[in-house]
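Student: Sharing upload-v8.cif (mmCIF, C-alpha atoms) below.
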data_data
loop_
_atom_site.label_atom_id
_atom_site.label_comp_id
_atom_site.auth_asym_id
_atom_site.auth_seq_id
_atom_site.Cartn_x
_atom_site.Cartn_y
_atom_site.Cartn_z
CA MET A 1 37.33 -26.92 16.46
CA LYS A 2 39.68 -26.35 13.54
CA LYS A 3 36.74 -26.14 11.13
CA LEU A 4 35.10 -23.49 13.29
CA VAL A 5 38.24 -21.35 13.31
CA LEU A 6 38.59 -21.77 9.55
CA ILE A 7 34.99 -20.67 8.97
CA LEU A 8 35.46 -17.64 11.24
CA VAL A 9 38.63 -16.59 9.41
CA VAL A 10 36.89 -16.88 6.01
CA MET A 11 34.00 -14.76 7.31
CA VAL A 12 36.36 -12.07 8.55
CA VAL A 13 38.24 -11.98 5.26
CA LEU A 14 34.99 -11.75 3.28
CA THR A 15 33.84 -8.70 5.24
CA PHE A 16 36.88 -6.77 3.97
CA THR A 17 35.14 -6.37 0.60
CA LEU A 18 32.45 -4.29 2.28
CA SER A 19 34.92 -1.63 3.38
CA ALA A 20 35.35 -0.65 -0.26
CA GLN A 21 32.13 1.38 -0.03
CA GLU A 22 32.67 5.08 0.41
CA GLY A 23 30.09 7.52 1.64
CA GLY A 24 29.44 10.58 -0.47
CA GLU A 25 29.05 14.05 1.00
CA LEU A 26 26.63 16.80 0.14
CA GLN A 27 28.49 18.97 -2.37
CA LYS A 28 27.76 22.64 -2.16
CA VAL A 29 27.27 24.19 -5.59
CA PRO A 30 27.64 28.00 -5.94
CA ASP A 31 23.89 28.68 -6.30
CA ALA A 32 22.73 26.09 -3.76
CA THR A 33 19.24 26.46 -2.35
CA PRO A 34 17.89 24.54 0.64
CA LEU A 35 15.48 22.72 -1.71
CA PHE A 36 17.45 19.48 -1.37
CA LEU A 37 17.26 19.53 2.42
CA TYR A 38 13.55 20.39 2.42
CA SER A 39 12.78 17.61 -0.01
CA ILE A 40 14.62 15.06 2.13
CA ILE A 41 12.70 16.12 5.25
CA ILE A 42 9.31 16.07 3.56
CA GLY A 43 10.12 12.76 1.87
CA THR A 44 10.93 11.22 5.24
CA LEU A 45 7.64 12.48 6.71
CA GLY A 46 5.73 10.99 3.79
CA LEU A 47 7.50 7.66 4.20
CA THR A 48 6.68 7.60 7.93
CA ALA A 49 3.01 8.21 7.18
CA ALA A 50 3.05 5.47 4.54
CA ALA A 51 4.64 3.02 6.96
CA ILE A 52 2.02 3.79 9.64
CA GLY A 53 -0.87 3.42 7.19
CA GLY A 54 0.62 0.23 5.78
CA ALA A 55 1.05 -1.25 9.24
CA PHE A 56 -2.59 -0.53 10.13
CA ALA A 57 -3.89 -2.10 6.93
CA GLN A 58 -1.71 -5.19 7.21
CA SER A 59 -2.63 -5.71 10.85
CA LYS A 60 -6.32 -5.60 9.96
CA ALA A 61 -5.84 -8.17 7.21
CA LEU A 62 -3.78 -10.42 9.46
CA ARG A 63 -6.32 -10.20 12.28
CA THR A 64 -9.22 -11.27 10.08
CA ALA A 65 -7.19 -14.08 8.55
CA VAL A 66 -6.11 -15.54 11.88
CA GLU A 67 -9.64 -15.25 13.31
CA ASN A 68 -11.04 -17.16 10.38
CA ILE A 69 -8.37 -19.83 10.60
CA GLY A 70 -9.44 -20.35 14.19
CA ARG A 71 -13.05 -20.51 13.17
CA ASN A 72 -12.52 -22.97 10.32
CA PRO A 73 -9.21 -24.84 10.53
CA ALA A 74 -9.92 -26.91 7.44
CA ALA A 75 -9.59 -23.87 5.17
CA THR A 76 -6.22 -22.84 6.57
CA ASP A 77 -4.26 -23.51 3.36
CA SER A 78 -6.36 -21.30 1.13
CA ILE A 79 -6.61 -18.59 3.80
CA ARG A 80 -2.84 -18.61 4.12
CA GLY A 81 -2.43 -18.20 0.36
CA VAL A 82 -4.85 -15.27 0.15
CA LEU A 83 -3.25 -13.66 3.20
CA ILE A 84 0.25 -13.74 1.69
CA ILE A 85 -0.94 -12.20 -1.58
CA GLY A 86 -2.90 -9.51 0.26
CA LEU A 87 0.00 -8.56 2.52
CA ALA A 88 2.40 -8.29 -0.42
CA LEU A 89 -0.04 -6.08 -2.36
CA ILE A 90 -0.49 -3.71 0.59
CA GLU A 91 3.27 -3.66 1.15
CA SER A 92 3.87 -2.67 -2.46
CA LEU A 93 2.02 0.61 -1.83
CA VAL A 94 4.56 1.47 0.85
CA ILE A 95 7.36 0.48 -1.55
CA TYR A 96 6.03 2.98 -4.11
CA VAL A 97 6.55 5.79 -1.57
CA LEU A 98 10.05 4.46 -0.92
CA LEU A 99 10.82 4.64 -4.65
CA VAL A 100 9.74 8.29 -4.80
CA ASP A 101 12.02 8.96 -1.83
CA LEU A 102 14.93 7.26 -3.59
CA ILE A 103 14.42 9.55 -6.58
CA LEU A 104 14.34 12.59 -4.26
CA PHE A 105 17.47 11.46 -2.49
CA PHE A 106 19.67 10.63 -5.44
CA VAL A 107 18.90 13.67 -7.58
CA LYS A 108 20.71 16.71 -6.26
CA TRP A 109 17.92 19.28 -6.30
CA GLY A 110 20.06 21.96 -4.71
CA LYS A 111 21.20 23.32 -8.05
CA TYR A 112 17.63 24.12 -9.05
CA SER A 113 15.88 27.14 -7.63
CA PHE A 114 12.22 27.40 -6.68
CA MET B 1 27.79 6.91 -3.12
CA GLU B 2 30.76 5.44 -4.97
CA GLU B 3 30.00 2.41 -7.09
CA HIS B 4 31.89 -0.72 -6.15
CA LYS B 5 33.01 -2.42 -9.37
CA LEU B 6 32.32 -6.13 -9.41
CA ILE B 7 35.20 -8.37 -10.44
CA ILE B 8 33.24 -10.45 -12.95
CA VAL B 9 31.89 -7.32 -14.66
CA GLU B 10 35.42 -5.89 -14.89
CA LEU B 11 36.78 -9.08 -16.46
CA VAL B 12 33.99 -9.37 -19.00
CA ASN B 13 34.36 -5.73 -19.97
CA LYS B 14 38.13 -6.09 -20.37
CA LEU B 15 37.59 -9.13 -22.59
CA VAL B 16 35.01 -7.39 -24.76
CA LYS B 17 37.13 -4.23 -25.06
CA TRP B 18 40.14 -6.30 -26.07
CA PHE B 19 38.16 -8.10 -28.76
CA LEU B 20 36.66 -4.91 -30.10
CA SER B 21 40.00 -3.09 -30.13
CA ALA B 22 41.42 -5.97 -32.18
CA VAL B 23 38.65 -5.31 -34.72
CA GLY B 24 39.37 -1.59 -34.57
CA ILE B 25 36.76 0.01 -32.31
CA GLY B 26 38.21 1.93 -29.40
CA PHE B 27 36.44 2.63 -26.11
CA ASP B 28 36.61 5.19 -23.36
CA ASN B 29 38.38 3.49 -20.48
CA THR B 30 36.12 4.75 -17.72
CA LYS B 31 32.82 3.42 -19.01
CA ASP B 32 31.49 -0.13 -19.13
CA VAL B 33 30.72 -1.67 -22.50
CA ILE B 34 28.34 -4.23 -21.00
CA PRO B 35 26.57 -2.90 -17.90
CA SER B 36 26.72 -4.91 -14.73
CA HIS B 37 23.06 -5.91 -14.69
CA ILE B 38 23.32 -7.54 -18.13
CA VAL B 39 26.45 -9.45 -17.13
CA MET B 40 24.77 -10.67 -13.95
CA ALA B 41 21.56 -11.63 -15.77
CA LEU B 42 23.55 -13.64 -18.32
CA LEU B 43 25.49 -15.29 -15.52
CA VAL B 44 22.27 -16.28 -13.74
CA THR B 45 20.84 -17.67 -16.98
CA VAL B 46 23.96 -19.72 -17.69
CA VAL B 47 24.01 -21.10 -14.15
CA ILE B 48 20.32 -22.09 -14.29
CA ILE B 49 20.67 -23.77 -17.69
CA PHE B 50 23.77 -25.62 -16.55
CA PHE B 51 22.14 -26.74 -13.29
CA PHE B 52 19.01 -28.08 -14.95
CA LYS B 53 20.93 -29.81 -17.72
CA MET B 54 23.07 -31.62 -15.19
CA THR B 55 20.24 -32.75 -12.94
CA VAL B 56 17.76 -33.93 -15.58
CA LYS B 57 20.19 -36.41 -17.09
CA ASN B 58 18.88 -39.80 -15.98
CA LEU B 59 15.25 -39.58 -15.00
CA SER B 60 14.14 -42.79 -13.35
CA LEU B 61 10.82 -44.08 -12.10
CA PHE B 62 12.15 -44.29 -8.53
CA PRO B 63 13.48 -40.80 -7.98
CA GLY B 64 16.71 -40.01 -6.20
CA LYS B 65 17.14 -36.96 -3.95
CA MET B 66 17.66 -34.27 -6.58
CA GLN B 67 14.87 -35.56 -8.78
CA ASN B 68 12.58 -35.63 -5.74
CA ALA B 69 13.37 -32.00 -4.97
CA LEU B 70 12.75 -30.94 -8.57
CA GLU B 71 9.48 -32.84 -8.65
CA MET B 72 8.35 -31.01 -5.52
CA PHE B 73 9.30 -27.77 -7.24
CA TYR B 74 7.22 -28.76 -10.28
CA LYS B 75 4.29 -29.81 -8.13
CA PHE B 76 4.31 -26.41 -6.47
CA PHE B 77 3.73 -24.68 -9.79
CA GLN B 78 1.24 -27.32 -10.83
CA GLY B 79 -0.84 -26.64 -7.71
CA LEU B 80 -0.61 -22.90 -8.32
CA VAL B 81 -1.79 -23.09 -11.92
CA ASP B 82 -4.47 -25.70 -11.19
CA ASP B 83 -6.01 -23.44 -8.56
CA MET B 84 -6.50 -20.60 -11.01
CA MET B 85 -7.05 -22.14 -14.38
CA GLY B 86 -8.07 -25.74 -14.05
CA HIS B 87 -6.60 -28.49 -16.14
CA GLU B 88 -5.99 -26.56 -19.33
CA GLY B 89 -3.41 -24.41 -17.58
CA ARG B 90 -0.79 -27.17 -17.67
CA LYS B 91 0.81 -25.76 -20.80
CA PHE B 92 1.75 -22.55 -18.98
CA ILE B 93 3.82 -24.28 -16.30
CA PRO B 94 7.14 -24.26 -18.24
CA VAL B 95 7.08 -20.52 -18.98
CA LEU B 96 5.94 -19.46 -15.53
CA GLY B 97 8.30 -21.87 -13.79
CA THR B 98 11.29 -20.63 -15.76
CA LEU B 99 10.42 -17.01 -15.06
CA ALA B 100 10.00 -17.82 -11.36
CA THR B 101 13.37 -19.59 -11.23
CA PHE B 102 15.09 -16.71 -12.99
CA ILE B 103 13.59 -14.08 -10.70
CA ALA B 104 14.19 -16.06 -7.50
CA VAL B 105 17.82 -16.88 -8.31
CA SER B 106 18.60 -13.38 -9.54
CA ASN B 107 17.11 -11.90 -6.36
CA LEU B 108 19.19 -14.20 -4.17
CA VAL B 109 22.46 -13.79 -6.05
CA GLY B 110 22.90 -10.26 -4.77
CA LEU B 111 23.68 -11.53 -1.28
CA LEU B 112 26.89 -13.26 -2.35
CA PRO B 113 30.16 -11.28 -2.19
CA GLU B 114 31.23 -9.64 -5.44
CA MET B 115 27.82 -10.23 -7.05
CA GLY B 116 24.88 -7.91 -7.66
CA SER B 117 21.23 -8.70 -8.29
CA PRO B 118 20.20 -8.00 -11.86
CA THR B 119 16.68 -7.30 -10.56
CA ALA B 120 18.00 -4.41 -8.50
CA ASN B 121 18.01 -2.50 -11.79
CA LEU B 122 14.75 -1.12 -13.20
CA ASN B 123 15.55 -2.32 -16.72
CA VAL B 124 15.48 -6.02 -15.82
CA THR B 125 12.23 -5.85 -13.85
CA VAL B 126 10.49 -3.84 -16.55
CA GLY B 127 11.67 -6.48 -19.02
CA CYS B 128 10.09 -9.28 -16.98
CA ALA B 129 6.86 -7.31 -16.47
CA LEU B 130 6.56 -6.41 -20.16
CA PHE B 131 7.12 -10.04 -21.07
CA VAL B 132 4.23 -11.10 -18.82
CA PHE B 133 2.05 -8.30 -20.24
CA LEU B 134 2.63 -9.33 -23.86
CA TYR B 135 2.32 -13.02 -22.99
CA TYR B 136 -1.10 -12.86 -21.44
CA HIS B 137 -2.48 -10.54 -24.12
CA TYR B 138 -1.11 -12.89 -26.79
CA HIS B 139 -2.86 -15.87 -25.22
CA GLY B 140 -6.07 -13.94 -24.76
CA VAL B 141 -6.10 -12.97 -28.43
CA LYS B 142 -5.19 -16.51 -29.45
CA LYS B 143 -8.11 -17.93 -27.52
CA HIS B 144 -10.85 -15.44 -28.26
CA GLY B 145 -9.76 -13.84 -31.52
CA VAL B 146 -9.07 -10.11 -31.71
CA TRP B 147 -12.67 -8.86 -31.66
CA GLY B 148 -13.71 -11.44 -29.06
CA TYR B 149 -10.86 -10.35 -26.79
CA VAL B 150 -11.76 -6.68 -27.10
CA LYS B 151 -15.34 -7.63 -26.30
CA THR B 152 -14.21 -9.05 -22.94
CA PHE B 153 -13.11 -5.52 -22.03
CA MET B 154 -16.55 -4.13 -22.59
CA GLY B 155 -18.13 -5.58 -19.51
CA PRO B 156 -21.33 -7.55 -19.06
CA ALA B 157 -23.75 -5.29 -20.95
CA TRP B 158 -23.27 -3.31 -24.18
CA TRP B 159 -24.78 -0.12 -22.79
CA LEU B 160 -22.15 0.02 -20.02
CA ALA B 161 -19.20 -0.29 -22.39
CA TRP B 162 -18.45 3.47 -22.50
CA LEU B 163 -17.92 3.38 -18.73
CA ILE B 164 -16.12 0.09 -18.31
CA LEU B 165 -13.72 0.23 -21.25
CA PRO B 166 -11.54 3.16 -19.98
CA ILE B 167 -11.44 1.64 -16.50
CA GLU B 168 -10.31 -1.70 -17.92
CA ILE B 169 -7.67 -0.07 -20.14
CA VAL B 170 -6.19 1.91 -17.25
CA SER B 171 -6.13 -1.10 -14.98
CA HIS B 172 -4.48 -3.22 -17.66
CA PHE B 173 -1.76 -0.66 -18.17
CA SER B 174 -1.16 -0.30 -14.47
CA ARG B 175 -0.43 -4.03 -14.16
CA PRO B 176 3.08 -4.23 -15.66
CA LEU B 177 3.95 -0.93 -13.96
CA SER B 178 3.02 -2.27 -10.55
CA LEU B 179 4.74 -5.63 -11.17
CA ALA B 180 7.99 -3.96 -12.20
CA MET B 181 7.94 -1.34 -9.45
CA ARG B 182 7.12 -3.83 -6.70
CA LEU B 183 9.98 -6.18 -7.59
CA PHE B 184 12.48 -3.37 -8.20
CA GLY B 185 11.58 -1.47 -5.03
CA ASN B 186 11.75 -4.52 -2.79
CA ILE B 187 15.09 -5.80 -4.08
CA LEU B 188 16.80 -2.40 -4.36
CA GLY B 189 15.50 -1.43 -0.91
CA GLU B 190 16.93 -4.57 0.70
CA ASP B 191 20.27 -4.08 -1.10
CA LEU B 192 20.54 -0.46 0.05
CA VAL B 193 19.71 -1.36 3.66
CA ILE B 194 22.38 -4.08 3.65
CA ILE B 195 24.97 -1.74 2.11
CA ILE B 196 24.25 1.04 4.61
CA ILE B 197 24.30 -1.25 7.65
CA ALA B 198 27.50 -2.85 6.40
CA GLY B 199 28.99 0.61 6.02
CA LEU B 200 28.29 1.30 9.68
CA VAL B 201 28.88 -2.04 11.45
CA PRO B 202 30.37 -4.52 9.00
CA PHE B 203 30.79 -7.38 11.42
CA VAL B 204 27.68 -9.29 12.50
CA ALA B 205 24.93 -6.69 12.12
CA PRO B 206 24.09 -7.30 8.42
CA LEU B 207 23.26 -10.96 9.13
CA PRO B 208 19.64 -10.57 10.35
CA VAL B 209 18.96 -8.16 7.51
CA MET B 210 20.38 -10.68 5.04
CA ALA B 211 18.11 -13.39 6.46
CA LEU B 212 15.16 -11.05 5.90
CA ALA B 213 16.46 -10.40 2.37
CA VAL B 214 16.44 -14.15 1.59
CA PHE B 215 12.83 -14.36 2.73
CA THR B 216 11.63 -11.33 0.79
CA SER B 217 13.50 -12.43 -2.38
CA LEU B 218 11.63 -15.73 -2.51
CA LEU B 219 8.35 -14.08 -1.49
CA GLN B 220 8.62 -11.43 -4.22
CA ALA B 221 9.31 -14.07 -6.87
CA PHE B 222 6.25 -15.99 -5.66
CA ILE B 223 4.08 -12.86 -5.72
CA PHE B 224 5.24 -12.03 -9.27
CA ILE B 225 4.29 -15.47 -10.54
CA MET B 226 1.03 -15.56 -8.60
CA LEU B 227 -0.06 -12.24 -10.10
CA SER B 228 1.01 -13.36 -13.60
CA THR B 229 -1.11 -16.50 -13.20
CA ILE B 230 -4.10 -14.39 -12.10
CA TYR B 231 -3.69 -12.12 -15.13
CA LEU B 232 -3.40 -15.13 -17.45
CA ALA B 233 -6.51 -16.69 -15.94
CA GLY B 234 -8.37 -13.41 -16.36
CA ALA B 235 -7.38 -13.14 -20.02
CA MET B 236 -8.44 -16.70 -20.79
CA ALA B 237 -11.71 -16.55 -18.86
CA GLU B 238 -14.91 -17.64 -20.56
CA GLU B 239 -18.08 -15.63 -20.25
CA HIS B 240 -20.91 -17.69 -18.83
#
Represent the structure of the file as structure tokens.

Tutor:
Amino acid sequence: MKKLVLILVVMVVLTFTLSAQEGGELQKVPDATPLFLYSIIIGTLGLTAAAIGGAFAQSKALRTAVENIGRNPAATDSIRGVLIIGLALIESLVIYVLLVDLILFFVKWGKYSF
Amino acid sequence: MEEHKLIIVELVNKLVKWFLSAVGIGFDNTKDVIPSHIVMALLVTVVIIFFFKMTVKNLSLFPGKMQNALEMFYKFFQGLVDDMMGHEGRKFIPVLGTLATFIAVSNLVGLLPEMGSPTANLNVTVGCALFVFLYYHYHGVKKHGVWGYVKTFMGPAWWLAWLILPIEIVSHFSRPLSLAMRLFGNILGEDLVIIIIAGLVPFVAPLPVMALAVFTSLLQAFIFIMLSTIYLAGAMAEEH
């Protein structure tokens, strides 16, 4: 019982380091254009489309893999290996779109005009 | 977002600035001399070297627990390399295993308090990817000779070489780019999600996300090494 209380107290104390994060606000510069807001909205739409496409592709791969494991259980190890590689490669395409969105988000485009 | 300064990085920078000011070089107090990703990468390297030196002290024929675990670890890489390259791939196990250990540990270290992943920075992942790129080209050239290696880019027939050579060059240059971007995007994405959720609900909500982060860290290290092994096997392949 004492150990449990000690672990809980240590966990609570460790979460205090997380409150050192501060959120930044959108600074308005004298010649601000809405380009920053438009780019965030369009970036989010692109990321949603990428997530949908990625989910479709991964579900197709997973479905074929599981069907073939059921058809031939002796090959399950090699099918599992190929499945993991394939899923990670498809997922990396979605991650590329996320990287473009990170660039769009962290560069303050509002100072630049069209 | 404000950067949260890590304690270890602050201490190392203070030490280095003190040494350099004793020599006579002054520094601006707001900037870091050694950036945080280099300090974390060095820390991970020191910890790995220390750990392996301590556990490989007395190897015996009847292994104890730690030696058993390390042998399983070695057998994992042995199975991986044997699948792709056959028996002559044994000499690549040390390099690939070390790279895998470094990437896996440096992905996981970002989950501890007051530590950041070095692989959450693009410089470290591009370094790993460039190393793999130069390594497999070096071994391809060593095996086939320079002209023989260039001939493997030309495809199966000499009259198709004008078509296949640009495709092969582009695909070879896209390999380190995709390796670096995949690792960087995965680890930075997980770190950002954890930071944002912890900013909203710091109490128990980050825990499932951190469990997912452990899984994707190990998976991304495995994918990196698997792809490096495939590239190595492709560079050392014999024409039949």

Student: Written as a PyMOL selection string, what is the full residue list that the PyMOL selection byres ((chain B) within 10 of (chain A)) yields on the file shown?

Tutor: chain B and resi 1-5+83+112-114+178-179+181-186+188-189+195-196+198-200+202-204+216+219-220+222-224+226-227

Student: Could you save those same residues with C-alpha atoms as a PDB file, keeping the file's coordinate frame?

Tutor:
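Produced file result-v8.pdb, reproduced below:
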ATOM      1  CA  MET B   1      27.790   6.910  -3.120  1.00  0.00           C
ATOM      2  CA  GLU B   2      30.760   5.440  -4.970  1.00  0.00           C
ATOM      3  CA  GLU B   3      30.000   2.410  -7.090  1.00  0.00           C
ATOM      4  CA  HIS B   4      31.890  -0.720  -6.150  1.00  0.00           C
ATOM      5  CA  LYS B   5      33.010  -2.420  -9.370  1.00  0.00           C
ATOM      6  CA  ASP B  83      -6.010 -23.440  -8.560  1.00  0.00           C
ATOM      7  CA  LEU B 112      26.890 -13.260  -2.350  1.00  0.00           C
ATOM      8  CA  PRO B 113      30.160 -11.280  -2.190  1.00  0.00           C
ATOM      9  CA  GLU B 114      31.230  -9.640  -5.440  1.00  0.00           C
ATOM     10  CA  SER B 178       3.020  -2.270 -10.550  1.00  0.00           C
ATOM     11  CA  LEU B 179       4.740  -5.630 -11.170  1.00  0.00           C
ATOM     12  CA  MET B 181       7.940  -1.340  -9.450  1.00  0.00           C
ATOM     13  CA  ARG B 182       7.120  -3.830  -6.700  1.00  0.00           C
ATOM     14  CA  LEU B 183       9.980  -6.180  -7.590  1.00  0.00           C
ATOM     15  CA  PHE B 184      12.480  -3.370  -8.200  1.00  0.00           C
ATOM     16  CA  GLY B 185      11.580  -1.470  -5.030  1.00  0.00           C
ATOM     17  CA  ASN B 186      11.750  -4.520  -2.790  1.00  0.00           C
ATOM     18  CA  LEU B 188      16.800  -2.400  -4.360  1.00  0.00           C
ATOM     19  CA  GLY B 189      15.500  -1.430  -0.910  1.00  0.00           C
ATOM     20  CA  ILE B 195      24.970  -1.740   2.110  1.00  0.00           C
ATOM     21  CA  ILE B 196      24.250   1.040   4.610  1.00  0.00           C
ATOM     22  CA  ALA B 198      27.500  -2.850   6.400  1.00  0.00           C
ATOM     23  CA  GLY B 199      28.990   0.610   6.020  1.00  0.00           C
ATOM     24  CA  LEU B 200      28.290   1.300   9.680  1.00  0.00           C
ATOM     25  CA  PRO B 202      30.370  -4.520   9.000  1.00  0.00           C
ATOM     26  CA  PHE B 203      30.790  -7.380  11.420  1.00  0.00           C
ATOM     27  CA  VAL B 204      27.680  -9.290  12.500  1.00  0.00           C
ATOM     28  CA  THR B 216      11.630 -11.330   0.790  1.00  0.00           C
ATOM     29  CA  LEU B 219       8.350 -14.080  -1.490  1.00  0.00           C
ATOM     30  CA  GLN B 220       8.620 -11.430  -4.220  1.00  0.00           C
ATOM     31  CA  PHE B 222       6.250 -15.990  -5.660  1.00  0.00           C
ATOM     32  CA  ILE B 223       4.080 -12.860  -5.720  1.00  0.00           C
ATOM     33  CA  PHE B 224       5.240 -12.030  -9.270  1.00  0.00           C
ATOM     34  CA  MET B 226       1.030 -15.560  -8.600  1.00  0.00           C
ATOM     35  CA  LEU B 227      -0.060 -12.240 -10.100  1.00  0.00           C
TER      36      LEU B 227
END

Student: Could you put an axis-aligned box around every listed atom of segment 15-19 of chain B, padded by 3 Å on each side, and send me its centre and edge lengths in Å to one decimal, as JSON?

Tutor:
{"center_x": 37.6, "center_y": -6.7, "center_z": -25.7, "size_x": 11.1, "size_y": 10.9, "size_z": 12.2}

Student: Might you pull out every residue within 12 Å of Thr64 of chain A, with all atoms listed in the file counted and same-chain residues fewer than 5 positions away left off, and present them as a compact mmCIF listing (two decimals) with C-alpha atoms, in the coordinates of the input?

Tutor:
# COMPACT_ATOMS: atom_id res chain seq x y z
CA ALA A 57 -3.89 -2.10 6.93
CA GLN A 58 -1.71 -5.19 7.21
CA SER A 59 -2.63 -5.71 10.85
CA ILE A 69 -8.37 -19.83 10.60
CA GLY A 70 -9.44 -20.35 14.19
CA ARG A 71 -13.05 -20.51 13.17
CA ILE A 79 -6.61 -18.59 3.80
CA ARG A 80 -2.84 -18.61 4.12
CA VAL A 82 -4.85 -15.27 0.15
CA LEU A 83 -3.25 -13.66 3.20
CA GLY A 86 -2.90 -9.51 0.26

Student: Using the chain letters and numbers from the file, give me the residues hit by the PyMOL selection byres ((chain B and resi 70) around 12), as a list in words.

Tutor: Phe51, Phe52, Thr55, Val56, Leu59, Pro63, Gly64, Lys65, Met66, Gln67, Asn68, Ala69, Glu71, Met72, Phe73, Tyr74, Lys75, Phe76, Phe77, Gly97 and Thr101 of chain B

Student: So which residues get picked by the PyMOL selection byres ((chain B and resi 210) around 12) here, written as a CSV table (one decimal) with C-alpha atoms, in the coordinates of the input?

Tutor:
chain,number,residue,atom,x,y,z
B,107,ASN,CA,17.1,-11.9,-6.4
B,108,LEU,CA,19.2,-14.2,-4.2
B,109,VAL,CA,22.5,-13.8,-6.0
B,110,GLY,CA,22.9,-10.3,-4.8
B,111,LEU,CA,23.7,-11.5,-1.3
B,112,LEU,CA,26.9,-13.3,-2.4
B,187,ILE,CA,15.1,-5.8,-4.1
B,190,GLU,CA,16.9,-4.6,0.7
B,191,ASP,CA,20.3,-4.1,-1.1
B,192,LEU,CA,20.5,-0.5,0.0
B,193,VAL,CA,19.7,-1.4,3.7
B,194,ILE,CA,22.4,-4.1,3.6
B,195,ILE,CA,25.0,-1.7,2.1
B,197,ILE,CA,24.3,-1.2,7.6
B,198,ALA,CA,27.5,-2.8,6.4
B,204,VAL,CA,27.7,-9.3,12.5
B,205,ALA,CA,24.9,-6.7,12.1
B,206,PRO,CA,24.1,-7.3,8.4
B,207,LEU,CA,23.3,-11.0,9.1
B,208,PRO,CA,19.6,-10.6,10.4
B,209,VAL,CA,19.0,-8.2,7.5
B,211,ALA,CA,18.1,-13.4,6.5
B,212,LEU,CA,15.2,-11.0,5.9
B,213,ALA,CA,16.5,-10.4,2.4
B,214,VAL,CA,16.4,-14.2,1.6
B,215,PHE,CA,12.8,-14.4,2.7
B,216,THR,CA,11.6,-11.3,0.8
B,217,SER,CA,13.5,-12.4,-2.4

Student: So how far away is atom CA of Tyr138 of chain B from atom CA of Thr119 of chain B, in Å?

Tutor: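 Going from atom CA of Thr119 of chain B over to atom CA of Tyr138 of chain B covers 24.7 Å.
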